[in-house]
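structure11.cif follows (mmCIF, C-alpha atoms):
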```cif
data_entry
#
loop_
_atom_site.label_atom_id
_atom_site.label_comp_id
_atom_site.auth_asym_id
_atom_site.auth_seq_id
_atom_site.Cartn_x
_atom_site.Cartn_y
_atom_site.Cartn_z
CA MET Q 1 0.00 0.00 0.00
CA VAL Q 2 1.12 3.51 -0.66
CA VAL Q 3 0.57 5.72 2.36
CA MET Q 4 1.88 9.21 2.44
CA GLY Q 5 1.94 11.71 5.25
CA SER Q 6 3.37 15.12 5.89
CA SER Q 7 5.14 16.46 8.91
CA SER Q 8 5.11 19.78 10.69
CA CYS Q 9 6.46 19.88 14.19
CA CYS Q 10 4.65 21.33 17.09
CA SER Q 11 6.29 22.18 20.37
CA VAL Q 12 8.81 24.69 19.11
CA ALA Q 13 8.03 27.95 17.35
CA VAL Q 14 9.12 28.07 13.74
CA VAL Q 15 8.61 30.55 10.98
CA GLY Q 16 6.29 30.21 8.06
CA ALA Q 17 4.58 27.37 6.28
CA VAL Q 18 5.43 23.78 6.89
CA LEU Q 19 4.99 20.69 4.83
CA VAL Q 20 6.54 17.36 5.51
CA PHE Q 21 5.27 14.00 4.48
CA VAL Q 22 5.96 10.31 4.76
CA LEU Q 23 5.18 7.71 2.18
CA VAL Q 24 5.48 3.99 2.80
CA LEU Q 25 4.50 0.66 1.30
CA ASP Q 26 2.96 -2.53 2.67
CA GLY Q 27 4.98 -4.55 5.08
CA ALA Q 28 7.45 -3.80 7.82
CA ASP Q 29 10.72 -4.34 5.96
CA LEU Q 30 13.15 -1.45 6.05
CA CYS Q 31 15.30 -0.35 3.16
CA ASP Q 32 18.62 1.47 3.12
CA GLY Q 33 17.15 4.84 4.09
CA GLY Q 34 17.28 6.41 0.64
CA LYS Q 35 18.57 9.95 0.17
CA THR Q 36 19.08 12.59 2.84
CA SER Q 37 19.48 16.22 1.83
CA THR Q 38 22.66 18.04 2.81
CA PHE Q 39 20.65 21.06 3.95
CA VAL Q 40 20.90 21.76 7.69
CA ARG Q 41 18.66 24.38 9.20
CA LYS Q 42 19.59 26.57 12.13
CA VAL Q 43 18.66 25.46 15.62
CA GLU Q 44 15.14 26.63 16.44
CA LYS Q 45 14.40 28.67 19.50
CA ALA Q 46 11.30 28.38 21.61
CA ALA Q 47 8.65 31.03 21.09
CA ASP Q 48 9.13 34.20 23.09
CA GLU Q 49 7.79 37.71 22.84
CA SER Q 50 10.99 39.07 21.30
CA ALA Q 51 10.44 36.84 18.25
CA ASP Q 52 6.81 37.84 17.76
CA MET Q 53 5.43 40.01 15.04
CA PRO Q 54 3.91 43.01 16.81
CA LEU Q 55 0.17 42.82 17.30
CA ASP Q 56 -0.17 46.14 15.48
CA SER Q 57 1.51 44.70 12.37
CA ASP Q 58 -0.28 45.44 9.10
CA ASP Q 59 -0.69 41.68 8.66
CA PHE Q 60 -2.98 41.62 11.71
CA ARG Q 61 -4.76 44.89 10.93
CA VAL Q 62 -8.36 45.25 12.09
CA PRO Q 63 -10.46 46.31 9.08
CA PRO Q 64 -11.88 49.85 9.27
CA GLY Q 65 -15.57 50.59 9.60
CA CYS Q 66 -18.42 50.16 12.05
CA ASN Q 67 -18.50 46.58 13.36
CA ALA Q 68 -16.58 45.55 10.26
CA PRO Q 69 -16.45 41.79 9.55
CA GLN Q 70 -13.04 40.23 10.09
CA GLN Q 71 -11.44 36.78 10.03
CA VAL Q 72 -13.66 35.84 7.08
CA HIS Q 73 -13.17 32.25 5.96
CA ILE Q 74 -14.99 29.52 4.06
CA THR Q 75 -15.05 25.75 4.34
CA GLN Q 76 -16.87 23.15 2.31
CA GLY Q 77 -20.51 23.04 3.37
CA ASP Q 78 -21.66 19.59 2.27
CA HIS Q 79 -20.23 16.26 1.22
CA VAL Q 80 -20.01 16.84 -2.55
CA GLY Q 81 -18.93 20.48 -2.90
CA LYS Q 82 -22.23 22.21 -3.73
CA GLY Q 83 -22.33 24.04 -0.41
CA VAL Q 84 -20.01 26.40 1.41
CA ILE Q 85 -19.89 27.52 5.06
CA VAL Q 86 -19.11 31.23 5.41
CA SER Q 87 -17.78 32.30 8.82
CA TRP Q 88 -16.65 35.67 10.13
CA VAL Q 89 -16.34 37.66 13.35
CA THR Q 90 -17.96 40.97 14.22
CA PRO Q 91 -16.13 42.61 17.13
CA ASP Q 92 -18.54 45.08 18.72
CA GLU Q 93 -22.07 43.72 18.43
CA THR Q 94 -23.99 40.85 16.89
CA GLY Q 95 -24.73 42.54 13.59
CA SER Q 96 -26.32 40.69 10.73
CA SER Q 97 -25.68 36.98 10.18
CA GLU Q 98 -26.98 37.21 6.60
CA VAL Q 99 -24.90 36.60 3.50
CA LEU Q 100 -25.79 37.99 0.10
CA TYR Q 101 -24.41 35.93 -2.78
CA TRP Q 102 -24.73 35.61 -6.53
CA SER Q 103 -22.99 33.87 -9.41
CA LYS Q 104 -20.71 35.74 -11.78
CA ASN Q 105 -23.21 35.67 -14.63
CA SER Q 106 -26.26 36.57 -12.56
CA GLU Q 107 -27.55 39.87 -11.27
CA HIS Q 108 -29.96 38.19 -8.86
CA LYS Q 109 -28.66 38.24 -5.28
CA LYS Q 110 -29.76 35.48 -2.96
CA THR Q 111 -29.85 35.71 0.83
CA ALA Q 112 -28.85 33.09 3.36
CA LYS Q 113 -29.27 33.59 7.09
CA GLY Q 114 -26.86 32.13 9.61
CA LYS Q 115 -26.34 31.88 13.35
CA VAL Q 116 -24.18 33.66 15.91
CA TYR Q 117 -21.88 32.04 18.46
CA ARG Q 118 -19.58 33.22 21.25
CA TYR Q 119 -17.33 31.40 23.66
CA GLN Q 120 -15.27 32.16 26.73
CA PHE Q 121 -11.84 30.77 27.46
CA TYR Q 122 -10.33 31.69 30.81
CA ASN Q 123 -10.16 35.52 30.76
CA TYR Q 124 -11.00 35.88 27.05
CA THR Q 125 -14.42 36.36 25.45
CA SER Q 126 -14.61 35.93 21.69
CA GLY Q 127 -16.21 38.33 19.28
CA TYR Q 128 -19.52 37.45 17.65
CA ILE Q 129 -18.74 34.45 15.46
CA GLN Q 130 -21.14 34.30 12.52
CA ARG Q 131 -21.74 31.13 10.53
CA CYS Q 132 -23.90 30.81 7.42
CA THR Q 133 -24.22 27.95 4.90
CA LEU Q 134 -24.81 28.58 1.21
CA ASN Q 135 -26.43 25.59 -0.50
CA ASN Q 136 -27.16 24.35 -4.04
CA LEU Q 137 -24.22 26.10 -5.67
CA MET Q 138 -23.22 25.24 -9.21
CA TYR Q 139 -19.93 23.43 -9.77
CA ASN Q 140 -17.00 25.31 -11.28
CA THR Q 141 -18.84 28.61 -10.95
CA LYS Q 142 -17.51 31.86 -9.56
CA TYR Q 143 -19.63 33.34 -6.81
CA TYR Q 144 -19.46 36.70 -5.08
CA TYR Q 145 -20.63 37.05 -1.51
CA GLU Q 146 -21.07 39.91 0.93
CA VAL Q 147 -21.00 39.97 4.74
CA GLY Q 148 -21.50 42.78 7.24
CA ILE Q 149 -24.96 43.65 5.93
CA GLY Q 150 -26.29 46.80 7.60
CA HIS Q 151 -22.94 48.01 8.86
CA THR Q 152 -19.67 47.74 6.97
CA VAL Q 153 -20.21 45.51 3.94
CA GLN Q 154 -17.27 43.50 2.66
CA GLN Q 155 -17.28 41.57 -0.60
CA PHE Q 156 -15.33 38.41 -1.46
CA TRP Q 157 -15.49 35.73 -4.14
CA SER Q 158 -14.89 32.04 -4.50
CA ILE Q 159 -14.99 29.43 -7.25
CA ALA Q 160 -17.02 26.33 -6.44
CA PRO Q 161 -15.10 23.06 -6.86
CA PRO Q 162 -15.50 20.94 -9.98
CA GLU Q 163 -18.19 18.29 -10.24
CA VAL Q 164 -17.35 14.96 -8.68
CA GLY Q 165 -16.19 12.43 -11.27
CA PRO Q 166 -13.51 9.81 -11.96
CA ASP Q 167 -11.34 11.75 -14.40
CA VAL Q 168 -11.84 15.29 -13.12
CA PRO Q 169 -8.42 16.96 -12.58
CA TYR Q 170 -7.84 18.54 -9.21
CA THR Q 171 -4.87 20.46 -7.84
CA SER Q 172 -4.37 21.23 -4.16
CA SER Q 173 -1.68 23.06 -2.21
CA LEU Q 174 -0.35 21.26 0.87
CA ILE Q 175 0.71 22.98 4.08
CA GLY Q 176 1.50 21.52 7.47
CA LYS Q 177 1.37 24.76 9.44
CA LEU Q 178 1.65 28.53 9.16
CA LEU Q 179 3.14 29.90 12.35
CA ILE Q 180 2.71 33.56 11.48
CA GLN Q 181 2.67 34.92 15.02
CA THR Q 182 6.46 34.98 14.91
CA GLU Q 183 8.74 36.69 12.41
CA ARG Q 184 7.15 36.57 8.99
CA SER Q 185 8.59 34.13 6.49
CA PRO Q 186 8.69 34.67 2.71
CA ILE Q 187 6.41 31.63 2.42
CA THR Q 188 3.56 33.46 4.09
CA ASN Q 189 3.54 35.84 1.14
CA ARG Q 190 2.81 32.91 -1.17
CA ILE Q 191 -0.67 32.10 0.07
CA HIS Q 192 -2.79 32.71 -2.99
CA LYS Q 193 -6.50 33.39 -3.32
CA LYS Q 194 -6.65 30.73 -6.03
CA ASP Q 195 -4.99 28.00 -3.97
CA ARG Q 196 -7.13 25.07 -2.97
CA LEU Q 197 -5.48 24.04 0.22
CA LEU Q 198 -5.14 20.94 2.37
CA TYR Q 199 -4.03 21.99 5.83
CA VAL Q 200 -2.80 19.20 8.10
CA GLY Q 201 -3.00 20.90 11.47
CA ASP Q 202 -1.59 23.54 13.85
CA LEU Q 203 -3.23 26.88 13.15
CA SER Q 204 -2.81 29.83 15.49
CA TYR Q 205 -0.35 28.46 18.10
CA ALA Q 206 -2.22 30.48 20.71
CA ASP Q 207 -1.41 27.77 23.24
CA ASN Q 208 2.27 28.75 23.06
CA TYR Q 209 1.45 31.93 24.96
CA LEU Q 210 0.60 32.69 28.56
CA ASP Q 211 -2.85 31.34 29.46
CA HIS Q 212 -3.35 30.23 25.85
CA ASP Q 213 -3.67 33.85 24.69
CA LYS Q 214 -6.83 33.74 22.54
CA VAL Q 215 -6.09 37.11 20.95
CA ARG Q 216 -3.72 35.02 18.82
CA TRP Q 217 -6.70 33.27 17.26
CA ASP Q 218 -7.97 36.68 16.17
CA THR Q 219 -4.66 37.81 14.68
CA TRP Q 220 -4.28 34.46 12.92
CA GLY Q 221 -7.78 34.74 11.47
CA ARG Q 222 -7.16 38.24 10.12
CA PHE Q 223 -3.89 37.16 8.54
CA VAL Q 224 -5.13 34.10 6.65
CA GLU Q 225 -8.30 35.82 5.47
CA ARG Q 226 -6.38 36.78 2.32
CA SER Q 227 -6.61 33.15 1.23
CA VAL Q 228 -9.28 31.32 3.17
CA ALA Q 229 -12.00 33.88 2.42
CA TYR Q 230 -11.59 32.92 -1.24
CA GLN Q 231 -10.91 29.19 -1.23
CA PRO Q 232 -12.27 26.64 1.24
CA TRP Q 233 -9.42 25.06 3.16
CA ILE Q 234 -9.70 21.42 4.22
CA LEU Q 235 -8.68 21.52 7.88
CA THR Q 236 -7.18 18.85 10.14
CA ALA Q 237 -6.92 19.40 13.90
CA GLY Q 238 -3.38 19.35 15.31
CA ASN Q 239 -2.11 19.22 18.87
CA HIS Q 240 -2.01 23.03 19.00
CA GLU Q 241 -5.77 23.06 18.48
CA LEU Q 242 -6.35 21.02 21.65
CA ASP Q 243 -6.25 23.97 24.06
CA PHE Q 244 -6.75 21.58 26.96
CA ALA Q 245 -5.66 23.59 30.00
CA PRO Q 246 -7.02 22.25 33.30
CA GLU Q 247 -4.47 24.36 35.16
CA ILE Q 248 -6.56 27.44 34.27
CA GLY Q 249 -9.89 25.64 34.47
CA GLU Q 250 -10.28 24.86 30.77
CA ASN Q 251 -11.16 21.18 30.40
CA GLU Q 252 -12.98 21.11 27.04
CA PRO Q 253 -10.61 20.12 24.21
CA PHE Q 254 -10.65 22.00 20.90
CA MET Q 255 -12.93 24.78 22.19
CA PRO Q 256 -11.59 27.75 20.14
CA PHE Q 257 -10.97 25.62 17.03
CA SER Q 258 -14.42 24.04 17.01
CA HIS Q 259 -16.19 27.37 17.58
CA ARG Q 260 -14.29 29.18 14.87
CA TYR Q 261 -13.78 26.61 12.10
CA HIS Q 262 -16.81 24.66 10.95
CA VAL Q 263 -16.78 21.60 8.69
CA PRO Q 264 -19.63 19.48 7.23
CA TYR Q 265 -18.99 16.49 9.48
CA ARG Q 266 -22.65 15.50 9.77
CA ALA Q 267 -22.84 15.09 5.99
CA SER Q 268 -20.58 12.04 6.35
CA ASN Q 269 -22.42 10.76 9.44
CA SER Q 270 -19.59 11.72 11.77
CA THR Q 271 -20.43 12.51 15.37
CA ALA Q 272 -17.73 15.18 15.80
CA PRO Q 273 -16.06 17.82 13.59
CA PHE Q 274 -12.57 16.37 14.08
CA TRP Q 275 -13.07 13.37 11.81
CA TYR Q 276 -15.13 13.61 8.62
CA SER Q 277 -14.99 13.13 4.86
CA ILE Q 278 -15.71 15.15 1.72
CA LYS Q 279 -15.54 14.63 -2.02
CA ARG Q 280 -13.50 16.92 -4.25
CA ALA Q 281 -13.47 16.25 -8.02
CA SER Q 282 -11.96 12.74 -8.38
CA ALA Q 283 -10.82 12.52 -4.74
CA TYR Q 284 -12.45 11.16 -1.61
CA ILE Q 285 -10.78 12.88 1.33
CA ILE Q 286 -10.96 11.47 4.85
CA VAL Q 287 -9.83 13.65 7.77
CA LEU Q 288 -8.83 11.89 11.00
CA SER Q 289 -8.05 13.24 14.46
CA SER Q 290 -4.79 12.18 16.08
CA TYR Q 291 -5.88 13.77 19.37
CA SER Q 292 -9.36 12.32 19.74
CA ALA Q 293 -9.98 8.80 21.01
CA TYR Q 294 -9.41 6.26 18.23
CA GLY Q 295 -9.24 2.92 20.02
CA LYS Q 296 -11.58 0.03 19.40
CA ASP Q 297 -15.28 0.93 19.60
CA THR Q 298 -14.64 4.66 20.08
CA PRO Q 299 -16.80 6.98 17.91
CA GLN Q 300 -13.91 7.72 15.53
CA TYR Q 301 -13.06 4.02 15.18
CA LEU Q 302 -16.66 3.03 14.47
CA TRP Q 303 -17.07 5.87 11.98
CA LEU Q 304 -13.93 4.99 10.01
CA GLN Q 305 -14.86 1.31 10.05
CA GLN Q 306 -18.10 2.20 8.27
CA GLU Q 307 -16.64 4.98 6.10
CA LEU Q 308 -13.89 3.15 4.22
CA PRO Q 309 -16.17 0.49 2.65
CA LYS Q 310 -18.51 3.25 1.39
CA VAL Q 311 -15.94 4.86 -0.89
CA ASN Q 312 -16.93 4.32 -4.53
CA ARG Q 313 -13.61 4.18 -6.40
CA THR Q 314 -15.46 4.29 -9.72
CA GLU Q 315 -16.79 7.73 -8.82
CA THR Q 316 -13.82 8.98 -6.76
CA PRO Q 317 -10.73 6.91 -7.67
CA TRP Q 318 -8.32 8.75 -5.37
CA LEU Q 319 -8.63 7.91 -1.67
CA ILE Q 320 -6.71 10.47 0.40
CA VAL Q 321 -6.40 10.55 4.19
CA THR Q 322 -5.12 13.42 6.34
CA MET Q 323 -4.07 13.39 9.99
CA HIS Q 324 -1.69 15.37 12.12
CA SER Q 325 0.69 12.92 13.76
CA PRO Q 326 2.56 10.78 11.18
CA TRP Q 327 2.53 7.02 11.49
CA TYR Q 328 5.97 6.72 9.91
CA ASN Q 329 8.73 9.02 11.07
CA SER Q 330 12.44 8.21 11.14
CA TYR Q 331 13.41 11.48 12.86
CA ASN Q 332 14.12 11.55 16.60
CA TYR Q 333 11.59 14.31 17.15
CA HIS Q 334 8.05 12.98 17.76
CA TYR Q 335 9.37 9.50 17.01
CA MET Q 336 6.61 6.85 17.08
CA GLU Q 337 3.99 9.26 18.45
CA GLY Q 338 1.59 8.01 15.77
CA GLU Q 339 2.33 4.36 16.44
CA THR Q 340 -0.83 3.44 18.33
CA MET Q 341 -3.10 4.86 15.63
CA ARG Q 342 -1.03 3.03 13.03
CA VAL Q 343 -1.58 -0.24 14.89
CA MET Q 344 -5.33 0.40 14.94
CA TYR Q 345 -5.87 1.46 11.33
CA GLU Q 346 -2.98 0.44 9.09
CA SER Q 347 -4.54 -2.88 8.07
CA TRP Q 348 -7.70 -1.04 7.01
CA PHE Q 349 -5.66 1.32 4.83
CA VAL Q 350 -4.04 -1.68 3.18
CA LYS Q 351 -7.36 -3.47 2.68
CA TYR Q 352 -9.11 -0.48 1.12
CA LYS Q 353 -6.08 0.62 -0.90
CA VAL Q 354 -5.63 4.15 0.39
CA ASP Q 355 -3.58 6.05 -2.20
CA VAL Q 356 -1.96 8.76 -0.14
CA VAL Q 357 -1.82 10.02 3.45
CA PHE Q 358 -0.73 13.53 4.41
CA ALA Q 359 0.25 14.22 8.01
CA GLY Q 360 2.05 16.91 9.99
CA HIS Q 361 3.74 17.46 13.35
CA VAL Q 362 7.47 16.97 12.65
CA HIS Q 363 9.66 19.92 11.62
CA ALA Q 364 11.17 18.05 8.74
CA TYR Q 365 10.30 16.63 5.35
CA GLU Q 366 10.15 12.93 4.60
CA GLN Q 367 8.64 10.75 1.89
CA SER Q 368 9.09 7.11 1.23
CA PRO Q 369 7.94 4.70 -1.45
CA LYS Q 370 9.82 2.17 0.66
CA TYR Q 371 11.07 3.68 3.92
CA SER Q 372 12.49 7.17 4.21
CA ALA Q 373 13.30 7.49 0.53
CA PHE Q 374 13.94 11.23 0.85
CA ARG Q 375 14.57 13.33 3.95
CA GLU Q 376 15.41 16.97 4.52
CA ALA Q 377 15.57 18.84 7.81
CA SER Q 378 13.45 21.65 6.44
CA PHE Q 379 9.89 22.28 5.36
CA GLY Q 380 7.93 24.31 2.87
CA HIS Q 381 4.79 23.90 0.83
CA ALA Q 382 3.93 21.61 -2.06
CA ILE Q 383 1.35 20.67 -4.67
CA PHE Q 384 -0.61 17.47 -5.24
CA ASP Q 385 -1.94 17.48 -8.80
CA ILE Q 386 -4.45 14.78 -9.79
CA LYS Q 387 -4.36 14.38 -13.56
CA ASN Q 388 -6.99 11.66 -14.04
CA ARG Q 389 -8.10 8.39 -12.44
CA THR Q 390 -4.70 6.75 -12.91
CA HIS Q 391 -2.01 9.40 -12.33
CA ALA Q 392 -1.24 12.21 -9.90
CA TYR Q 393 1.91 14.29 -9.54
CA TYR Q 394 3.42 15.52 -6.30
CA SER Q 395 5.99 18.30 -6.31
CA ASP Q 396 7.59 20.81 -4.00
CA TYR Q 397 7.44 23.34 -6.80
CA THR Q 398 5.03 24.26 -9.59
CA SER Q 399 4.95 26.52 -12.56
CA TYR Q 400 2.70 29.08 -10.88
CA LEU Q 401 4.52 29.01 -7.55
CA ASN Q 402 7.86 28.83 -9.39
CA SER Q 403 9.52 26.57 -6.85
CA TRP Q 404 9.49 25.27 -3.32
CA HIS Q 405 10.82 27.77 -0.80
CA ARG Q 406 12.19 26.73 2.54
CA ASN Q 407 10.79 28.52 5.55
CA GLN Q 408 14.16 29.41 6.97
CA ASP Q 409 15.79 31.21 4.08
CA GLY Q 410 13.13 31.68 1.40
CA TYR Q 411 15.44 30.35 -1.31
CA ALA Q 412 14.06 28.26 -4.13
CA ALA Q 413 14.91 24.60 -3.65
CA GLU Q 414 13.74 21.84 -5.95
CA ALA Q 415 13.76 19.16 -3.31
CA ASP Q 416 11.45 16.35 -4.30
CA SER Q 417 8.80 15.23 -6.75
CA MET Q 418 7.21 11.98 -7.84
CA TRP Q 419 4.34 10.40 -9.76
CA PHE Q 420 1.58 8.55 -7.96
CA PHE Q 421 -0.23 5.66 -9.59
CA ASN Q 422 -3.76 4.99 -8.43
CA ARG Q 423 -3.92 1.71 -6.52
CA ILE Q 424 -7.24 0.70 -8.07
CA TRP Q 425 -6.94 1.97 -11.64
CA HIS Q 426 -3.17 1.70 -12.17
CA PRO Q 427 -1.88 -0.90 -9.70
CA ILE Q 428 1.85 -1.56 -9.53
CA ASP Q 429 3.98 -3.98 -7.54
CA ASP Q 430 4.25 -2.26 -4.18
CA SER Q 431 5.89 -4.98 -2.18
CA THR Q 432 8.82 -3.99 0.01
CA SER Q 433 11.01 -6.91 -0.94
CA VAL Q 434 14.45 -5.87 -2.17
#
```
Take the structure in this file and express it as structure tokens.
Amino acid sequence: MVVMGSSSCCSVAVVGAVLVFVLVLDGADLCDGGKTSTFVRKVEKAADESADMPLDSDDFRVPPGCNAPQQVHITQGDHVGKGVIVSWVTPDETGSSEVLYWSKNSEHKKTAKGKVYRYQFYNYTSGYIQRCTLNNLMYNTKYYYEVGIGHTVQQFWSIAPPEVGPDVPYTSSLIGKLLIQTERSPITNRIHKKDRLLYVGDLSYADNYLDHDKVRWDTWGRFVERSVAYQPWILTAGNHELDFAPEIGENEPFMPFSHRYHVPYRASNSTAPFWYSIKRASAYIIVLSSYSAYGKDTPQYLWLQQELPKVNRTETPWLIVTMHSPWYNSYNYHYMEGETMRVMYESWFVKYKVDVVFAGHVHAYEQSPKYSAFREASFGHAIFDIKNRTHAYYSDYTSYLNSWHRNQDGYAAEADSMWFFNRIWHPIDDSTSV
């Protein structure tokens, strides 16, 4: 089986976007370790206030206007891509939870009405978090939408994903983390409005600060609005989304994350927003939670047990799984942290011929068609480009992004690329025997 995961480490502050992944085959045999890059990054320092971008940085700027919407973002709103969840925060008062939207070729504006949420975490009270779902959208169609009705109106746009089908091409950017609270990396300038993005965990890093400083969720949300207001990100919860802090009386895991970032988990019969599935073009994407219970007969276990047999590989040939903690990791850091989940689920991935797994958590890059075929002690962003039902191309560089850039120095570095062959429609010998 081909399993692939990415790695972005989590207990040390780093700069910029992170992507690392692991790719392995069936069996437990080890090979010679493949190739290791000669690049050596500087020793990372723990997060401290001297390394932070100032809270009054332009990147975190509060938009002008009366009760102006901020932290606008969209996520897929149903299982097949014909819906979108629009979320935003109004700082001063509830305001309107309505969204006006229309297609590019239509002058008729439709209205959808949402709901308002707030939460408290220790000594922090959130703004008014608005959530509204737009339904029955047309595939591959550009839509404009407006929020802040009645106060300060802001307009955005998004292109609905392509129709689900076996040979529909689909390109997605891959990022393991964007730690933008610290000194800004050149990679953070490369988040594009047009990027469809798979994000494998660790968002704001608010838990790195005293009392899990929730203002950092607000600054994070304002920063990434430049991308996620225009393209729905597919989000995976990482350990920095846990925010489990009994020492300050906060015993509910994932509270800020689950209030702020909504996903269509009920559409795939999930019982919680931390594990779910969606369809995108020719891909069936399953999101798992490394930090929710996954042992036998837990809700996540029972859901995945029922979910994998449902995947119709004639309709969606590519079966992709995301998680945060990698099952395969030859680095010392976070070594074998994903081992218990691997023991629980690896045989299922083999049985149902999962094509690729993306994970995060380790501050290094690794991929392996055998075991650790390529390693580099750095991280950046990459592209997974599905061509048709048989072939997909992974690269750390693309024509429109020019090349992969490391977080540390911003220099272009063509580090790794490879073709993937679909395990149902283009099977190859993937044994690990030498």
- Message: Let me make sure I understand: among Q:Trp88, Q:Phe384, Q:Tyr333, Q:Phe421, which one has the smallest atom-to-atom distance to Q:His262 if we use only C-alpha atoms?
- Response: Q:Trp88
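Using only C-alpha atoms for every distance, the candidate list Q:Gly95, Q:Pro63, Q:Gly338, Q:Pro166 yields Q:Gly95 as the residue closest to Q:Gly148.
Pairwise distance (atom CA of Q:Val84, atom CA of Q:Ser158) equals 9.6 Å.
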Using the chain letters and residue numbers of this document, give as a PDB file with C-alpha atoms, in the frame of the given file the residues selected by the PyMOL selection byres ((chain Q and resi 105-118) around 9).
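Below is the file expr.pdb, written as the result:
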```pdb
ATOM      1  CA  VAL Q  86     -19.110  31.230   5.410  1.00  0.00           C
ATOM      2  CA  THR Q  94     -23.990  40.850  16.890  1.00  0.00           C
ATOM      3  CA  SER Q  96     -26.320  40.690  10.730  1.00  0.00           C
ATOM      4  CA  SER Q  97     -25.680  36.980  10.180  1.00  0.00           C
ATOM      5  CA  GLU Q  98     -26.980  37.210   6.600  1.00  0.00           C
ATOM      6  CA  VAL Q  99     -24.900  36.600   3.500  1.00  0.00           C
ATOM      7  CA  LEU Q 100     -25.790  37.990   0.100  1.00  0.00           C
ATOM      8  CA  TYR Q 101     -24.410  35.930  -2.780  1.00  0.00           C
ATOM      9  CA  TRP Q 102     -24.730  35.610  -6.530  1.00  0.00           C
ATOM     10  CA  SER Q 103     -22.990  33.870  -9.410  1.00  0.00           C
ATOM     11  CA  LYS Q 104     -20.710  35.740 -11.780  1.00  0.00           C
ATOM     12  CA  TYR Q 119     -17.330  31.400  23.660  1.00  0.00           C
ATOM     13  CA  GLN Q 120     -15.270  32.160  26.730  1.00  0.00           C
ATOM     14  CA  THR Q 125     -14.420  36.360  25.450  1.00  0.00           C
ATOM     15  CA  SER Q 126     -14.610  35.930  21.690  1.00  0.00           C
ATOM     16  CA  GLY Q 127     -16.210  38.330  19.280  1.00  0.00           C
ATOM     17  CA  TYR Q 128     -19.520  37.450  17.650  1.00  0.00           C
ATOM     18  CA  ILE Q 129     -18.740  34.450  15.460  1.00  0.00           C
ATOM     19  CA  GLN Q 130     -21.140  34.300  12.520  1.00  0.00           C
ATOM     20  CA  ARG Q 131     -21.740  31.130  10.530  1.00  0.00           C
ATOM     21  CA  CYS Q 132     -23.900  30.810   7.420  1.00  0.00           C
ATOM     22  CA  THR Q 133     -24.220  27.950   4.900  1.00  0.00           C
ATOM     23  CA  LEU Q 134     -24.810  28.580   1.210  1.00  0.00           C
ATOM     24  CA  ASN Q 135     -26.430  25.590  -0.500  1.00  0.00           C
ATOM     25  CA  LYS Q 142     -17.510  31.860  -9.560  1.00  0.00           C
ATOM     26  CA  TYR Q 143     -19.630  33.340  -6.810  1.00  0.00           C
ATOM     27  CA  TYR Q 145     -20.630  37.050  -1.510  1.00  0.00           C
ATOM     28  CA  HIS Q 259     -16.190  27.370  17.580  1.00  0.00           C
ATOM     29  CA  ARG Q 260     -14.290  29.180  14.870  1.00  0.00           C
TER      30      ARG Q 260
END
```
- Radius query 10 Å about (5.6, 9.6, 14.6), atoms used: only C-alpha atoms, as an NGL selection string: :Q and (7 or 22 or 324-342 or 359-362)
